[in-house]
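protein-v3.txt, holding compact mmCIF, C-alpha atoms:
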```
# COMPACT_ATOMS: atom_id res chain seq x y z
CA MET A 8 149.60 33.15 119.87
CA PRO A 9 150.24 35.65 122.53
CA LYS A 10 147.25 37.58 123.74
CA VAL A 11 147.20 41.17 122.72
CA LYS A 12 146.62 43.28 125.73
CA MET A 13 144.23 46.13 125.17
CA ALA A 14 145.02 49.20 127.10
CA ARG A 15 142.07 50.04 129.29
CA LYS A 16 140.82 53.49 128.65
CA SER A 17 138.33 55.39 130.67
CA THR A 18 135.05 56.09 128.88
CA ASN A 19 134.44 59.18 130.93
CA ILE A 20 134.60 62.27 128.80
CA ASP A 21 134.66 65.72 130.20
CA MET A 22 131.30 67.12 129.14
CA THR A 23 131.96 70.62 130.37
CA ALA A 24 133.17 71.99 127.05
CA MET A 25 130.24 70.49 125.21
CA CYS A 26 127.89 71.92 127.79
CA ASP A 27 129.42 75.35 127.27
CA VAL A 28 128.88 75.14 123.52
CA ALA A 29 125.30 73.95 123.93
CA PHE A 30 124.35 76.81 126.17
CA LEU A 31 126.18 79.34 124.06
CA LEU A 32 124.15 78.25 121.04
CA LEU A 33 121.00 78.24 123.14
CA THR A 34 121.61 81.81 124.24
CA PHE A 35 122.25 82.83 120.66
CA PHE A 36 119.01 81.31 119.39
CA MET A 37 117.02 82.79 122.22
CA LEU A 38 118.29 86.30 121.56
CA ALA A 39 118.57 86.35 117.79
CA THR A 40 115.27 84.79 116.80
CA LYS A 41 111.65 85.38 117.53
CA PHE A 42 108.69 83.07 117.60
CA LYS A 43 107.00 82.21 114.36
CA PRO A 44 103.60 83.86 114.11
CA ASP A 45 100.66 81.52 114.05
CA GLU A 46 99.66 81.03 110.45
CA PRO A 47 96.37 79.56 109.34
CA VAL A 48 97.62 78.27 106.00
CA VAL A 49 100.95 77.51 104.45
CA VAL A 50 101.87 80.26 102.03
CA SER A 51 105.09 80.28 100.05
CA THR A 52 105.64 83.84 98.98
CA PRO A 53 107.52 84.75 95.79
CA SER A 54 110.94 86.36 96.12
CA SER A 55 112.07 89.86 95.33
CA ILE A 56 115.21 91.91 95.83
CA SER A 57 113.39 94.34 98.13
CA GLU A 58 115.06 94.79 101.50
CA ILE A 59 112.39 96.73 103.34
CA THR A 60 111.62 94.88 106.56
CA LEU A 61 108.08 94.63 107.76
CA PRO A 62 107.42 96.90 110.74
CA ASP A 63 106.31 95.26 113.98
CA THR A 64 103.22 97.28 114.72
CA ASP A 65 100.16 98.68 112.94
CA ILE A 66 99.99 95.83 110.49
CA MET A 67 96.96 94.41 108.80
CA MET A 68 97.79 91.28 106.91
CA LEU A 69 95.66 89.73 104.21
CA THR A 70 96.86 86.22 103.58
CA VAL A 71 95.86 84.66 100.28
CA ASP A 72 96.60 80.98 99.87
CA LYS A 73 97.11 79.28 96.54
CA THR A 74 93.44 78.46 96.07
CA GLY A 75 92.52 82.09 96.68
CA ARG A 76 91.14 81.81 100.21
CA ILE A 77 91.59 85.03 102.14
CA PHE A 78 92.49 85.25 105.82
CA PHE A 79 92.48 88.47 107.76
CA SER A 80 94.71 89.34 110.69
CA ILE A 81 95.64 92.49 112.53
CA ASP A 82 98.03 93.18 115.38
CA LYS A 83 97.44 94.66 118.88
CA GLN A 84 94.83 93.12 121.14
CA SER A 85 93.18 96.42 122.01
CA ILE A 86 92.51 97.10 118.35
CA ARG A 87 91.30 93.55 117.79
CA GLU A 88 88.86 93.98 120.65
CA ASN A 89 87.42 97.22 119.28
CA LEU A 90 87.31 95.76 115.80
CA ILE A 91 85.28 92.72 116.74
CA GLN A 92 82.86 94.89 118.73
CA ASP A 93 82.36 97.09 115.68
CA ILE A 94 81.84 94.10 113.42
CA ASN A 95 79.48 92.52 115.93
CA SER A 96 77.22 95.54 116.19
CA TYR A 97 77.42 96.36 112.49
CA LYS A 98 76.59 92.88 111.29
CA ASN A 99 74.34 91.90 114.25
CA LEU A 100 76.28 88.70 114.81
CA GLY A 101 75.22 88.38 118.46
CA LEU A 102 78.66 87.36 119.64
CA THR A 103 79.08 86.64 123.34
CA LYS A 104 81.87 88.11 125.46
CA ALA A 105 83.74 84.80 125.34
CA GLU A 106 83.57 84.66 121.57
CA MET A 107 84.83 88.21 121.25
CA ASP A 108 87.69 87.34 123.59
CA ALA A 109 88.47 84.38 121.36
CA PHE A 110 88.96 86.84 118.52
CA LYS A 111 90.95 89.23 120.69
CA TYR A 112 93.47 86.58 121.69
CA GLY A 113 93.33 84.59 118.46
CA SER A 114 95.34 85.13 115.32
CA SER A 115 93.65 85.27 111.94
CA VAL A 116 90.18 84.56 110.67
CA GLY A 117 89.14 83.26 107.29
CA VAL A 118 85.41 82.61 107.56
CA PRO A 119 82.35 84.42 106.24
CA PHE A 120 80.39 86.46 108.78
CA ASN A 121 77.60 83.89 109.02
CA GLN A 122 80.08 81.28 110.27
CA LEU A 123 82.04 83.63 112.49
CA LYS A 124 80.03 82.92 115.64
CA SER A 125 80.48 79.17 115.48
CA TYR A 126 84.13 79.59 114.48
CA LEU A 127 84.96 81.81 117.45
CA GLY A 128 83.01 79.54 119.80
CA ALA A 129 85.20 76.59 118.88
CA THR A 130 88.39 75.59 120.67
CA PRO A 131 91.74 76.59 119.12
CA ALA A 132 92.31 73.01 117.96
CA GLU A 133 88.91 72.92 116.27
CA GLN A 134 89.63 76.31 114.69
CA LYS A 135 92.84 74.91 113.20
CA ASP A 136 90.93 72.02 111.70
CA PHE A 137 88.31 74.39 110.41
CA ASP A 138 90.93 76.59 108.75
CA LYS A 139 91.88 73.66 106.52
CA THR A 140 88.43 73.58 104.96
CA ALA A 141 87.40 77.20 105.51
CA THR A 142 86.20 79.15 102.52
CA GLY A 143 88.09 82.30 103.41
CA ILE A 144 86.59 85.75 103.65
CA PRO A 145 84.27 86.28 100.69
CA THR A 146 85.30 89.10 98.43
CA ASP A 147 84.77 90.37 94.92
CA THR A 148 85.68 93.43 92.93
CA SER A 149 82.56 95.36 93.90
CA ASN A 150 82.16 97.79 96.76
CA ASP A 151 78.99 96.04 97.91
CA VAL A 152 79.03 95.48 101.68
CA VAL A 153 76.87 92.38 101.42
CA THR A 154 78.96 90.30 99.04
CA ASN A 155 82.35 91.88 99.66
CA GLU A 156 82.88 91.03 103.32
CA LEU A 157 86.59 91.76 103.08
CA ALA A 158 85.65 95.40 102.49
CA THR A 159 83.79 95.46 105.82
CA TRP A 160 86.82 94.05 107.61
CA ILE A 161 89.16 96.57 106.00
CA ARG A 162 86.91 99.52 106.69
CA SER A 163 86.37 98.62 110.35
CA ALA A 164 90.07 97.98 110.82
CA ARG A 165 90.97 101.34 109.35
CA ASN A 166 88.40 103.06 111.53
CA ASN A 167 90.09 101.59 114.58
CA ASN A 168 93.66 102.32 113.56
CA ALA A 169 94.29 105.15 111.14
CA LYS A 170 98.01 104.40 110.92
CA LEU A 171 97.35 100.91 109.67
CA ARG A 172 99.73 99.57 107.07
CA ILE A 173 98.19 97.07 104.73
CA THR A 174 100.17 94.07 103.64
CA ILE A 175 99.24 91.28 101.29
CA LYS A 176 100.86 87.92 101.76
CA ALA A 177 99.93 85.76 98.84
CA ASP A 178 101.19 82.43 97.60
CA GLY A 179 103.26 82.57 94.44
CA ASN A 180 100.95 80.13 92.69
CA THR A 181 97.79 82.07 93.40
CA ALA A 182 95.96 82.93 90.21
CA TYR A 183 96.19 86.65 89.52
CA PRO A 184 92.40 87.29 89.52
CA GLU A 185 92.22 86.20 93.18
CA VAL A 186 94.85 88.76 94.15
CA LYS A 187 93.21 91.26 91.85
CA LYS A 188 90.02 91.04 93.91
CA VAL A 189 91.92 92.01 97.03
CA ILE A 190 93.72 94.86 95.28
CA GLN A 191 90.46 96.08 93.76
CA THR A 192 88.80 96.06 97.18
CA LEU A 193 91.64 98.19 98.53
CA GLU A 194 91.43 100.51 95.57
CA ASN A 195 87.74 101.03 96.23
CA TYR A 196 88.80 102.56 99.54
CA LYS A 197 91.36 104.69 97.73
CA ILE A 198 94.22 102.66 99.15
CA TYR A 199 96.74 102.66 96.36
CA LYS A 200 99.85 102.06 98.39
CA PHE A 201 100.40 98.78 100.18
CA ASN A 202 103.07 96.19 100.82
CA LEU A 203 103.54 92.76 99.36
CA ILE A 204 105.36 90.27 101.51
CA THR A 205 108.18 88.55 99.66
CA ASN A 206 111.20 86.44 100.35
CA MET A 207 114.65 87.86 99.94
CA LYS A 208 116.69 87.05 96.91
CA ALA A 209 120.07 88.22 95.79
CA ILE A 210 120.36 91.08 93.32
CA PRO A 211 121.49 89.69 89.95
CA PRO A 212 125.00 90.92 89.18
CA GLY A 213 125.56 93.45 86.42
CA THR A 214 122.09 94.97 86.60
CA ALA A 215 121.13 98.56 87.36
CA ALA A 216 120.17 97.67 90.93
CA ALA A 217 123.53 96.01 91.52
CA GLN A 218 125.33 99.07 90.20
CA ALA A 219 123.27 101.35 92.42
CA ARG A 220 124.26 99.20 95.39
CA THR A 221 127.98 99.48 94.69
CA THR A 222 127.85 103.27 94.27
CA GLU A 223 125.99 103.54 97.57
CA ALA A 224 128.57 101.52 99.45
CA MET B 156 137.85 71.86 134.08
CA ALA B 157 135.01 70.67 136.21
CA GLU B 158 137.28 69.66 138.98
CA MET B 159 138.85 71.89 141.49
CA ASP B 160 142.00 71.49 143.41
CA THR B 161 140.76 70.48 146.81
CA SER B 162 144.00 69.21 148.17
CA SER B 163 145.51 71.59 150.59
CA GLY B 164 148.83 71.63 148.89
CA GLY B 165 151.73 72.31 151.16
CA GLY B 166 149.57 72.37 154.28
CA HIS B 167 151.17 71.79 157.60
CA LYS B 168 150.94 68.42 159.18
CA LYS B 169 148.09 67.90 161.46
CA GLY B 170 148.44 66.50 164.87
CA PRO B 171 147.45 62.92 165.70
CA GLY B 172 144.18 63.95 167.32
CA VAL B 173 142.96 66.05 164.37
CA LYS B 174 140.62 64.16 162.10
CA LYS B 175 141.32 64.35 158.44
CA ALA B 176 138.44 65.85 156.44
CA LYS B 177 137.11 63.43 153.87
CA LYS B 178 138.04 64.46 150.39
CA LEU B 179 134.97 64.80 148.16
CA SER B 180 135.28 64.85 144.41
CA THR B 181 133.82 68.01 142.86
CA ARG B 182 133.57 66.38 139.47
CA ILE B 183 129.96 66.53 138.25
CA ASP B 184 128.48 64.51 135.45
CA MET B 185 127.56 67.10 132.88
CA THR B 186 125.79 64.74 130.48
CA PRO B 187 122.19 65.47 131.55
CA MET B 188 122.89 69.19 131.38
CA VAL B 189 124.24 68.85 127.85
CA ASP B 190 121.14 66.83 126.94
CA LEU B 191 118.94 69.57 128.28
CA GLY B 192 120.94 72.23 126.46
CA PHE B 193 120.63 70.56 123.11
CA LEU B 194 116.96 69.81 123.65
CA LEU B 195 116.28 73.50 124.20
CA ILE B 196 118.38 74.44 121.16
CA THR B 197 116.34 72.07 119.02
CA PHE B 198 113.14 73.54 120.39
CA PHE B 199 114.19 77.09 119.66
CA MET B 200 115.42 76.19 116.19
CA PHE B 201 112.07 74.71 115.24
CA THR B 202 109.71 77.22 116.80
CA THR B 203 111.41 80.49 116.04
CA THR B 204 112.27 82.32 112.91
CA MET B 205 115.48 84.11 112.14
CA SER B 206 114.55 86.67 109.57
CA LYS B 207 111.85 89.25 109.62
CA PRO B 208 109.66 89.13 106.55
CA LYS B 209 110.66 91.45 103.73
CA THR B 210 108.11 93.52 101.92
CA MET B 211 107.99 95.29 98.64
CA GLU B 212 106.00 98.47 98.32
CA ILE B 213 103.60 98.88 95.48
CA ASN B 214 101.78 101.95 94.30
CA MET B 215 98.75 101.31 92.17
CA PRO B 216 97.68 104.04 89.77
CA ALA B 217 94.91 106.12 91.35
CA LYS B 218 91.47 105.61 89.86
CA ASP B 219 90.34 109.18 90.47
CA LYS B 220 88.94 110.93 87.47
CA VAL B 221 91.45 113.32 86.00
CA GLU B 222 90.58 116.01 83.49
CA ASP B 223 91.82 115.23 80.02
CA ASN B 224 94.09 118.23 79.83
CA GLN B 225 95.59 117.40 83.26
CA GLN B 226 96.57 113.88 82.27
CA THR B 227 100.14 113.14 81.48
CA LYS B 228 100.27 111.42 78.16
CA ILE B 229 102.81 108.69 77.66
CA LYS B 230 104.80 109.09 74.50
CA ALA B 231 104.55 105.96 72.37
CA SER B 232 108.32 105.79 71.88
CA THR B 233 108.92 105.45 75.63
CA ALA B 234 106.34 102.75 76.32
CA LEU B 235 106.93 99.06 76.76
CA THR B 236 103.99 96.82 77.56
CA LEU B 237 104.38 93.49 79.33
CA LEU B 238 101.45 91.08 79.14
CA LEU B 239 101.72 88.37 81.76
CA GLY B 240 100.29 85.15 80.41
CA ASN B 241 100.03 81.51 81.40
CA ASN B 242 103.02 79.28 82.18
CA HIS B 243 104.99 82.34 83.33
CA ARG B 244 105.22 83.68 79.79
CA VAL B 245 105.68 87.39 79.19
CA TYR B 246 104.32 88.76 75.95
CA TYR B 247 105.73 92.15 75.22
CA TYR B 248 105.48 94.85 72.62
CA GLU B 249 106.76 98.37 72.27
CA GLY B 250 104.57 101.40 71.95
CA LEU B 251 100.99 101.85 73.04
CA ALA B 252 99.23 99.73 70.40
CA ASP B 253 96.58 102.44 69.96
CA ASP B 254 96.49 102.12 66.19
CA PRO B 255 94.38 99.09 65.20
CA ALA B 256 95.54 99.31 61.57
CA ASN B 257 99.14 98.91 62.58
CA PRO B 258 99.42 96.30 65.34
CA PRO B 259 102.78 96.05 67.16
CA ALA B 260 105.07 93.05 66.94
CA VAL B 261 104.32 90.93 70.01
CA LYS B 262 107.14 88.71 71.22
CA VAL B 263 107.49 86.22 74.07
CA ALA B 264 110.03 86.25 76.88
CA TYR B 265 110.45 84.58 80.25
CA PHE B 266 111.43 85.58 83.76
CA LYS B 267 114.89 84.18 83.66
CA PRO B 268 118.31 85.45 82.79
CA GLY B 269 119.54 84.67 79.32
CA ALA B 270 118.80 85.38 75.72
CA ASP B 271 115.00 85.09 75.97
CA GLY B 272 114.78 86.76 79.37
CA ILE B 273 112.60 89.80 79.84
CA ARG B 274 115.50 91.61 81.52
CA ASN B 275 117.36 92.09 78.25
CA VAL B 276 114.22 93.55 76.70
CA ILE B 277 113.86 96.09 79.49
CA ILE B 278 117.54 97.03 79.38
CA ALA B 279 117.37 97.45 75.61
CA LYS B 280 114.29 99.64 75.98
CA LYS B 281 116.01 101.84 78.54
CA GLN B 282 119.01 102.25 76.28
CA ALA B 283 116.85 103.11 73.29
CA VAL B 284 115.02 105.78 75.30
CA SER B 285 118.22 107.33 76.62
CA GLN B 286 119.62 107.44 73.09
CA LEU B 287 116.48 109.20 71.92
CA GLN B 288 116.90 111.66 74.76
CA GLN B 289 120.46 112.43 73.69
CA SER B 290 119.55 112.87 70.07
CA GLY B 291 116.77 115.25 71.06
CA GLY B 292 113.89 113.05 70.00
CA LEU B 293 112.60 112.99 73.56
CA GLY B 294 112.68 115.52 76.36
CA PRO B 295 114.85 114.91 79.43
CA LYS B 296 111.81 113.97 81.49
CA ASP B 297 110.57 111.26 79.14
CA ASN B 298 111.78 108.12 80.86
CA ALA B 299 111.01 104.61 79.78
CA VAL B 300 107.52 103.62 80.90
CA VAL B 301 106.65 99.98 81.50
CA LEU B 302 103.03 98.95 81.60
CA ILE B 303 102.42 95.64 83.35
CA LYS B 304 99.17 93.97 82.40
CA PRO B 305 98.58 90.65 84.15
CA ASP B 306 96.14 88.35 82.39
CA ALA B 307 93.68 86.12 84.25
CA THR B 308 95.88 83.12 83.45
CA SER B 309 98.94 84.56 85.17
CA THR B 310 99.87 83.97 88.79
CA TYR B 311 100.70 86.33 91.62
CA GLU B 312 104.32 85.28 91.32
CA ASP B 313 104.40 86.64 87.77
CA MET B 314 103.25 90.02 88.97
CA VAL B 315 105.83 90.11 91.77
CA ASN B 316 108.52 89.01 89.32
CA ALA B 317 107.54 91.76 86.91
CA LEU B 318 107.61 94.36 89.67
CA ASP B 319 110.92 92.99 90.81
CA GLU B 320 112.37 93.40 87.31
CA MET B 321 111.41 97.07 87.56
CA ALA B 322 113.47 97.36 90.75
CA ILE B 323 116.34 95.32 89.34
CA ASN B 324 116.58 97.38 86.17
CA ASP B 325 115.84 100.70 87.85
CA VAL B 326 112.76 101.52 85.81
CA LYS B 327 111.40 104.68 87.41
CA THR B 328 107.95 104.72 85.84
CA TYR B 329 105.79 101.66 85.72
CA ALA B 330 102.23 100.71 86.48
CA VAL B 331 100.13 97.61 86.96
CA ILE B 332 96.98 98.11 84.94
CA ASP B 333 94.07 96.02 83.71
CA ILE B 334 94.51 94.03 80.55
CA THR B 335 92.44 95.12 77.58
CA ASP B 336 90.63 92.98 75.01
CA VAL B 337 93.09 94.13 72.36
CA ASP B 338 95.96 92.82 74.46
CA LYS B 339 94.22 89.50 74.93
CA GLU B 340 93.95 89.21 71.15
CA PHE B 341 97.68 89.84 70.85
CA MET B 342 98.35 87.03 73.27
CA GLY B 343 95.93 84.70 71.53
CA ALA B 344 97.56 85.38 68.17
CA GLN B 345 100.93 84.23 69.46
```
Encoding of this model in structure tokens:
Amino acid sequence: MPKVKMARKSTNIDMTAMCDVAFLLLTFFMLATKFKPDEPVVVSTPSSISEITLPDTDIMMLTVDKTGRIFFSIDKQSIRENLIQDINSYKNLGLTKAEMDAFKYGSSVGVPFNQLKSYLGATPAEQKDFDKTATGIPTDTSNDVVTNELATWIRSARNNNAKLRITIKADGNTAYPEVKKVIQTLENYKIYKFNLITNMKAIPPGTAAAQARTTEA
Amino acid sequence: MAEMDTSSGGGHKKGPGVKKAKKLSTRIDMTPMVDLGFLLITFFMFTTTMSKPKTMEINMPAKDKVEDNQQTKIKASTALTLLLGNNHRVYYYEGLADDPANPPAVKVAYFKPGADGIRNVIIAKKQAVSQLQQSGGLGPKDNAVVLIKPDATSTYEDMVNALDEMAINDVKTYAVIDITDVDKEFMGAQ
């Protein structure tokens, strides 16, 4: 049998085109996206057809996970600094400068006031571990400052930023009474208007909202 | 592409004493650069988020005390009450159920399109109200009013779904209010 001669082909490929594509995509992702905010718990929000985007500033977010634990977060470091000073003097927590800085540069908190000092004294990795077992900020439907610690957070936050927009980010499987407690606490401060964070979903065809959309366009 | 024409095409002949410059290839191996590029892409894809979160605005009814004669009374023929129960069930009845001797017919629907979806109920209610408006039974300002009453067994998703149905079906007047004991009995009887 005669030997079949294989044509020798070079295995060198010109990578330039691939390199171009890679960096084009890289540029796109760098410009079009932004970093995910640090979240203490995984929350899968329900979906709605609402298209209002969340503003970037003056946001107070109350995260409620599916077991009803409440985490509090607020934007702007200057406000966070004033807020923790207020809370410290109001509740006599005896926080050190370092612990207050930990709050200033941190993200959200979900611990009762009596654990706040040890929580803020911990390293970020320890805080993450703690968030898994944290009890959340205690709250109830009353306006009592002792048992309803969420009310203290909300009041101090509003004192420090009057333009504050209040958003609730709750898990879809959270029992309604847990969310009700948060809403009731807000209502006690005469806050009747707030935002619920939801995922986007398409408007069902043939409904009134879909018709309104086509007349707008 | 990565190579450049370095040959001096059509150049004049050099003399015997002139040394010929060594030709260097300008071809670079791009593979490590591509590796780096894709590594960074992967990093950005995992750590960043594309979409800004969407929010829905909600207005709770104010709890301030209002004088009886200042209150706007809901006409029973415009009202539809949704009771959010367990397992994402929606119990609904028409009217205000303020007459204990004559309880309303409570039916069950679900948050899904189709025959037993709550959407059809809301659309039917809106049509009934607009017909009453045309026939003169209701004034032009009496729109359909939906009262959403989440029970303790319902989830947050149910409430958002109910509010979303209001937006989908363009219900102008609705409110999330506390469930009453009478309503709980209606749900228990089902």
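Of the residues listed (A:Thr192, A:Glu223, A:Asn19, A:Ala141), A:Thr192 shows the shortest atom-to-atom separation from A:Leu157; distances use all atoms listed in the file.
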- prompt: Which chain B residues are at most 8 Å from chain A (counting all atoms listed in the file), as a count of residues only?
  reply: 47
- request: Please provide the set of residues having any atom within 7 Å of stretch 83-86 of chain A, restricted to only C-alpha atoms, with same-chain residues fewer than 6 positions apart removed, written as a ChimeraX atom specification.
  value: /A:111-112,167
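In this structure, atom CA of A:Ala164 sits 9.3 Å away from atom CA of A:Ile91.
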- request: List every protein, DNA or RNA residue that has at least one atom no more than 8 Å from (92.5, 85.6, 114.1) in the file's coordinates, counting all atoms listed in the file, and write the result as a VMD selection string.
  value: chain A and resid 79 to 81 110 to 117
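Pairwise distance (atom CA of B:Arg244, atom CA of B:Val300) equals 20.1 Å.
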- request: Calculate how many Å separate atom CA of B:Lys304 from atom CA of B:Leu318, rounding to one decimal.
  value: 11.1 Å
field: Expected answer as JSON, numbers by chain: all residues with atoms within 12 Å of (104.2, 78.4, 78.9), all atoms listed in the file
entry: {"B": [239, 240, 241, 242, 243, 244, 245, 246, 263, 264, 265, 266, 308, 309, 342, 345]}
message: Please determine, counting all atoms listed in the file, which residue among A:Glu88, A:Lys135, A:Thr159, A:Asn95 has the shortest atom-to-atom distance to A:Asp45.
response: A:Lys135
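The smallest atom-to-atom distance between A:Asp82 and any of A:Ala105, A:Leu38, A:Ile173, A:Leu123, using all atoms listed in the file, is found for A:Ile173.
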